[in-house]
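Right, one structure below, let's go through it.
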Amino acid sequence: MKLTVLGGGGFRVPLVYRQLLTQDGGPDVREVVLHDVAEHRLAAVRAVLDQLAAGRPDAPKVRTTTDLDDALDGADFVFSAIRVSGLAGRTVDERVALDLGVLGQETTGPGGLAYGLRTIPVCLDIAARVARRAPHAWVINFTNPAGMVTEAMQRLLGDRVIGICDSPIGLGERAARVLGLDGARVAMDYVGLNHLGWLRALRVDGVDRLPDLLADDALLGQLEEARLLGLDWVRSLGAIPNEYLYYYYYNRDAVTSIREAAATRGEFLRQQQERFYAEVAERPADALEIWTRTRAERESTYMAESRDSAGAGERDQQDIAGGGYQQVALDLMAGIAGGGASTMILNVRNGSAVPGLPADAVVEVPCVVDAAGARPMATDPLTGHMLGLVQQVKAVEQLTIEAAASGSAALAVKALALHPLVDSVTTARRLLAGYRERLPGLADLLR
C-alpha cells in the first residue's frame, strides 16, 4: 500500500514511521510519500526516518515531494497533518486573543476558530484533489481543529474522511490502568466533540467500574485529568472530562496562567522547532538523536502552564513514552485495510449516534472499525450542561465552516461572538479585525 503524509516535514512524522517499523500485524505499507511545502523540513524529517530505518531492509520506502498531485496519485491512505501558516500563524492565533483578555489556544476558543478559518479552504482543496487523484483513498485527518476540518472535508469525500485524536483513547486507557483493568475487556462510554467530551462509564462484562474510580481519592489522584481539573470537581460531574475542558471549566485561570507565562505554547514550539530544523541541517548524521531529545522536551511541557496553575504535577512518564496519534492512526488504518472489526473512539459523521446534534455534525464517539470504514455506535443522550455546551460549540463550528467556505466575514464574526469563551459581539469584531490584520491570507479570504 501507498501511504501519503501531508505535512510530511512535520515534527511528529517520525512517530508514524517508527510505529510502522515496530507494529506487529500492522498495515502492509510499502511506500511512504512525504509532502510538504518546505523542502528544508522534508530534508530534516527524511534524515530522521533514514536513521530509524537503518539496518531494516524491510522498512517502507520513503519519498519526499513538494508536488501535491504527485504525492496523492494512487494513494491508498492519506494522513493529513498540515499546519496552514505554520507556527507563526499559531502564535498570532494565541496572542490576538490574549491581548483582548480571552483564551489564546490552538484548538479551543477564538484561536481555534481563527485556525479553522484559514485551514478549511486549504483542506477543501486537498479533498477535491484526493477525489481526482486518489478516489479510493481513505483520509485520516490529524489536522486541527480536527472535528471542524474533518466535517468540512466530508462535504467532498463523505465517510472516507475520519478524524483522529489520542486524547479520549488515552484517557480511557489511563483510567483502566489505574483500576487495574484489562484494557481489551473494557467498553468505554465516551461522547462529545473533538477536545470537548466526557468519559461517562468504563464497563467490564456489563458492570460500570467508573464509580469505583470516582469514589477513591488515591486512585482518582493518579489520573492526570483529575489532578488537572480537581478531584472534587470531577467527582461532582460524575464523569471524567477530556483535558481540554479545563479551558471551559477554569477559563479565567487558564487565561491568566497563559498570559503570565514566559511564552505561549506556539511561541515555545516555534523556537524549539526552528532550533531542531537548524540543528539537523548542520548535523544531519545526528538527526535521530536531535529529534529524540527535542521530542522529550516537547512532550514533557505539554499544557505545562495549566498543570502548574492547577497544581497537577508532572506528566505521567508512560504517557510521554507512549505518544498516541501514531498508534491511533495505524490501528485505524490496519482495521480498514485488514477488515477485522475493532472499536475505537474517532471523529465521524453523527447520523443518529448523539441525540440532539445534527446528522451531518462530526462527533467524537466509539466506533466500529472494519473494511467498510468507521461507524459510530449509539450513545446514551447527553443531558444538562454537557448537552448545552456541545450544542453551542457545534453550532459555532458549523458557522465557522460556512464562513471559511463562503469567505463571509459576517459569519466569522457570528461564529466568534457565539463561542462560549468569547464574552461579547464587540470582542468578536475586535478578534476578527486583529486576525485579519496579522494574517494576510485571512484578510484575503474573508470579505
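Labels for the C-alpha cells follow display order: chains A, B, ..., residues from 1 in each chain, ligands from 1.
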> Counting only C-alpha atoms, what is within 9 Å of A:Asp69, bar same-chain residues fewer than 4 positions away, as a PyMOL selection string?
Replying inline: chain A and resi 73+129-130+133
Save out the residues we just selected, N, CA and C atoms, as a short mmCIF file (atom, residue, chain, number, x, y, z; two decimals), in the first residue's frame.
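Saved as out_34.cif:
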```cif
data_model
loop_
_atom_site.label_atom_id
_atom_site.label_comp_id
_atom_site.auth_asym_id
_atom_site.auth_seq_id
_atom_site.Cartn_x
_atom_site.Cartn_y
_atom_site.Cartn_z
N ASP A 73 -1.24 10.86 -6.05
CA ASP A 73 -1.54 9.90 -7.13
C ASP A 73 -1.47 8.46 -6.64
N ARG A 129 -8.73 17.42 -4.57
CA ARG A 129 -7.62 16.76 -5.28
C ARG A 129 -7.59 15.26 -4.98
N VAL A 130 -7.89 14.89 -3.74
CA VAL A 130 -7.97 13.46 -3.41
C VAL A 130 -9.05 12.81 -4.27
N ARG A 133 -7.36 12.47 -7.78
CA ARG A 133 -6.10 11.73 -7.93
C ARG A 133 -6.08 10.40 -7.19
#
```
>> Among stretch 215-370 of chain A, which residues does DSSP mark as strand (DSSP E or B) when it is run on the backbone? Keep the chain and numbering as in the structure and answer as a PyMOL selection string.
In response: chain A and resi 240-241+342-349+362-370
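For A:Ala175, the residues within 9 Å (counting only C-alpha atoms, excluding itself and residues fewer than 2 positions away along the chain) are Gly170, Leu171, Gly172, Glu173, Arg177, Val178, Leu179, Gly180, Leu181, Leu202, Leu210, Leu213, Leu220, Gln222 and Leu223 of chain A.
Using only C-alpha atoms, the nearest neighbour of A:Ser408 within the list A:Asp444, A:Glu94, A:Asp182, A:Asp70 is A:Asp444.
Distances to A:Val16 were evaluated for A:Ala254, A:Ala261, A:Gly238, A:Asp331 using only C-alpha atoms, and the minimum falls at A:Asp331.
What separates atom CA of A:Ala285 from atom CA of A:Val32 is a distance of 21.4 Å.
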>> I'd like the neighbourhood of A:Thr91 as a PyMOL selection string, where a residue qualifies if any of its atoms comes within 12 Å (using only C-alpha atoms), though same-chain residues fewer than 5 positions away should be ignored.
In response: chain A and resi 85-86+96-99+104-106+111-112+114-115+263-271+435+438-439
Deliver the residues from the most recent selection as a file, using N, CA and C atoms, as a compact mmCIF listing (two decimals), in the first residue's frame.
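Saved as result_27.txt:
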```txt
# COMPACT_ATOMS: atom_id res chain seq x y z
N SER A 85 -0.05 28.34 7.61
CA SER A 85 0.66 29.49 8.19
C SER A 85 1.68 29.09 9.25
N GLY A 86 1.88 27.79 9.45
CA GLY A 86 2.92 27.32 10.35
C GLY A 86 2.73 27.77 11.78
N VAL A 96 -3.43 37.38 19.59
CA VAL A 96 -4.56 38.29 19.33
C VAL A 96 -5.64 38.09 20.38
N ALA A 97 -5.94 36.84 20.71
CA ALA A 97 -6.96 36.56 21.72
C ALA A 97 -6.51 37.02 23.10
N LEU A 98 -5.30 36.67 23.49
CA LEU A 98 -4.81 37.03 24.81
C LEU A 98 -4.76 38.54 25.00
N ASP A 99 -4.43 39.27 23.95
CA ASP A 99 -4.38 40.74 24.05
C ASP A 99 -5.75 41.33 24.35
N GLY A 104 -6.29 32.23 24.41
CA GLY A 104 -5.47 32.05 23.22
C GLY A 104 -4.92 30.65 23.21
N GLN A 105 -5.57 29.75 22.51
CA GLN A 105 -5.17 28.34 22.48
C GLN A 105 -5.40 27.81 21.08
N GLU A 106 -4.65 26.80 20.69
CA GLU A 106 -4.62 26.35 19.30
C GLU A 106 -5.96 25.85 18.78
N GLY A 111 -8.90 31.21 19.18
CA GLY A 111 -7.70 30.81 18.45
C GLY A 111 -7.98 29.62 17.56
N GLY A 112 -8.78 28.67 18.06
CA GLY A 112 -9.15 27.52 17.25
C GLY A 112 -10.01 27.91 16.06
N ALA A 114 -9.93 30.87 14.50
CA ALA A 114 -9.05 31.53 13.53
C ALA A 114 -8.25 30.49 12.74
N TYR A 115 -7.77 29.48 13.45
CA TYR A 115 -7.03 28.40 12.79
C TYR A 115 -7.93 27.69 11.78
N ALA A 263 6.21 32.45 27.58
CA ALA A 263 5.87 32.33 26.16
C ALA A 263 4.61 31.50 26.03
N THR A 264 3.85 31.74 24.98
CA THR A 264 2.71 30.87 24.70
C THR A 264 3.24 29.53 24.19
N ARG A 265 2.34 28.55 24.12
CA ARG A 265 2.75 27.24 23.61
C ARG A 265 3.26 27.36 22.18
N GLY A 266 2.58 28.15 21.37
CA GLY A 266 3.01 28.32 19.99
C GLY A 266 4.39 28.96 19.90
N GLU A 267 4.64 29.96 20.73
CA GLU A 267 5.95 30.61 20.72
C GLU A 267 7.05 29.65 21.16
N PHE A 268 6.75 28.87 22.18
CA PHE A 268 7.72 27.87 22.64
C PHE A 268 8.04 26.88 21.53
N LEU A 269 7.00 26.32 20.90
CA LEU A 269 7.23 25.32 19.86
C LEU A 269 7.91 25.93 18.64
N ARG A 270 7.58 27.17 18.32
CA ARG A 270 8.22 27.82 17.17
C ARG A 270 9.73 27.93 17.39
N GLN A 271 10.12 28.37 18.57
CA GLN A 271 11.55 28.48 18.88
C GLN A 271 12.21 27.11 18.88
N TYR A 435 -7.09 39.35 13.75
CA TYR A 435 -6.63 38.23 12.94
C TYR A 435 -6.43 38.63 11.48
N ARG A 438 -3.17 40.66 11.12
CA ARG A 438 -1.90 39.97 11.33
C ARG A 438 -1.76 38.69 10.51
N LEU A 439 -2.84 38.27 9.87
CA LEU A 439 -2.80 37.09 9.00
C LEU A 439 -3.28 37.51 7.61
```
> Can you list, as a ChimeraX atom specification, every residue of stretch 38-211 of chain A that DSSP puts in helix (DSSP H, G or I)?
Replying inline: /A:39-52,68-72,86-99,110-133,146-160,167-178,183-185,210-211
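Nearest to A:Ala361 of all the residues A:His40, A:His385, A:Lys394, A:Arg235 is A:Lys394, counting only C-alpha atoms.
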>> What's the separation between atom CA of A:Leu411 and atom CA of A:Leu113, in Å to one decimal place?
In response: 11.7 Å
>> Under the rule that only C-alpha atoms are counted, which of A:Arg18, A:Arg375, A:Lys2, A:Arg174 is the nearest residue to A:Val161?
In response: A:Arg375
Within 12 Å of A:Arg447, counting only C-alpha atoms, which residues show up once you throw out same-chain ones fewer than 6 positions away? Write them as a PDB file with C-alpha atoms, in the first residue's frame, please.
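Writing the result to part.pdb gives the following:
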```pdb
ATOM      1  CA  ALA A 403     -17.642  31.322   6.909  1.00  0.00           C
ATOM      2  CA  ALA A 404     -14.453  29.714   5.625  1.00  0.00           C
ATOM      3  CA  ALA A 405     -16.138  28.046   2.646  1.00  0.00           C
ATOM      4  CA  SER A 406     -18.038  31.189   1.594  1.00  0.00           C
ATOM      5  CA  GLY A 407     -15.498  33.847   2.586  1.00  0.00           C
ATOM      6  CA  SER A 408     -18.056  35.637   4.759  1.00  0.00           C
ATOM      7  CA  ALA A 409     -16.622  37.970   7.392  1.00  0.00           C
ATOM      8  CA  ALA A 410     -20.123  38.425   8.839  1.00  0.00           C
ATOM      9  CA  LEU A 411     -20.441  34.694   9.509  1.00  0.00           C
ATOM     10  CA  ALA A 412     -16.953  34.657  11.020  1.00  0.00           C
ATOM     11  CA  VAL A 413     -17.953  37.396  13.476  1.00  0.00           C
ATOM     12  CA  LEU A 432     -11.555  39.185  13.652  1.00  0.00           C
ATOM     13  CA  ALA A 433     -10.017  42.582  12.952  1.00  0.00           C
ATOM     14  CA  ARG A 436      -7.210  39.843   9.545  1.00  0.00           C
ATOM     15  CA  GLY A 441      -4.165  35.274   3.977  1.00  0.00           C
TER      16      GLY A 441
END
```
> Just how far from atom CA of A:Gln392 is atom CA of A:Ala239, in Å to one decimal?
Replying inline: 20.0 Å
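Between A:Leu442 and the residues A:Val84, A:Ala371, A:Val62, A:Ala329, the shortest atom-to-atom distance, using only C-alpha atoms, involves A:Val84.
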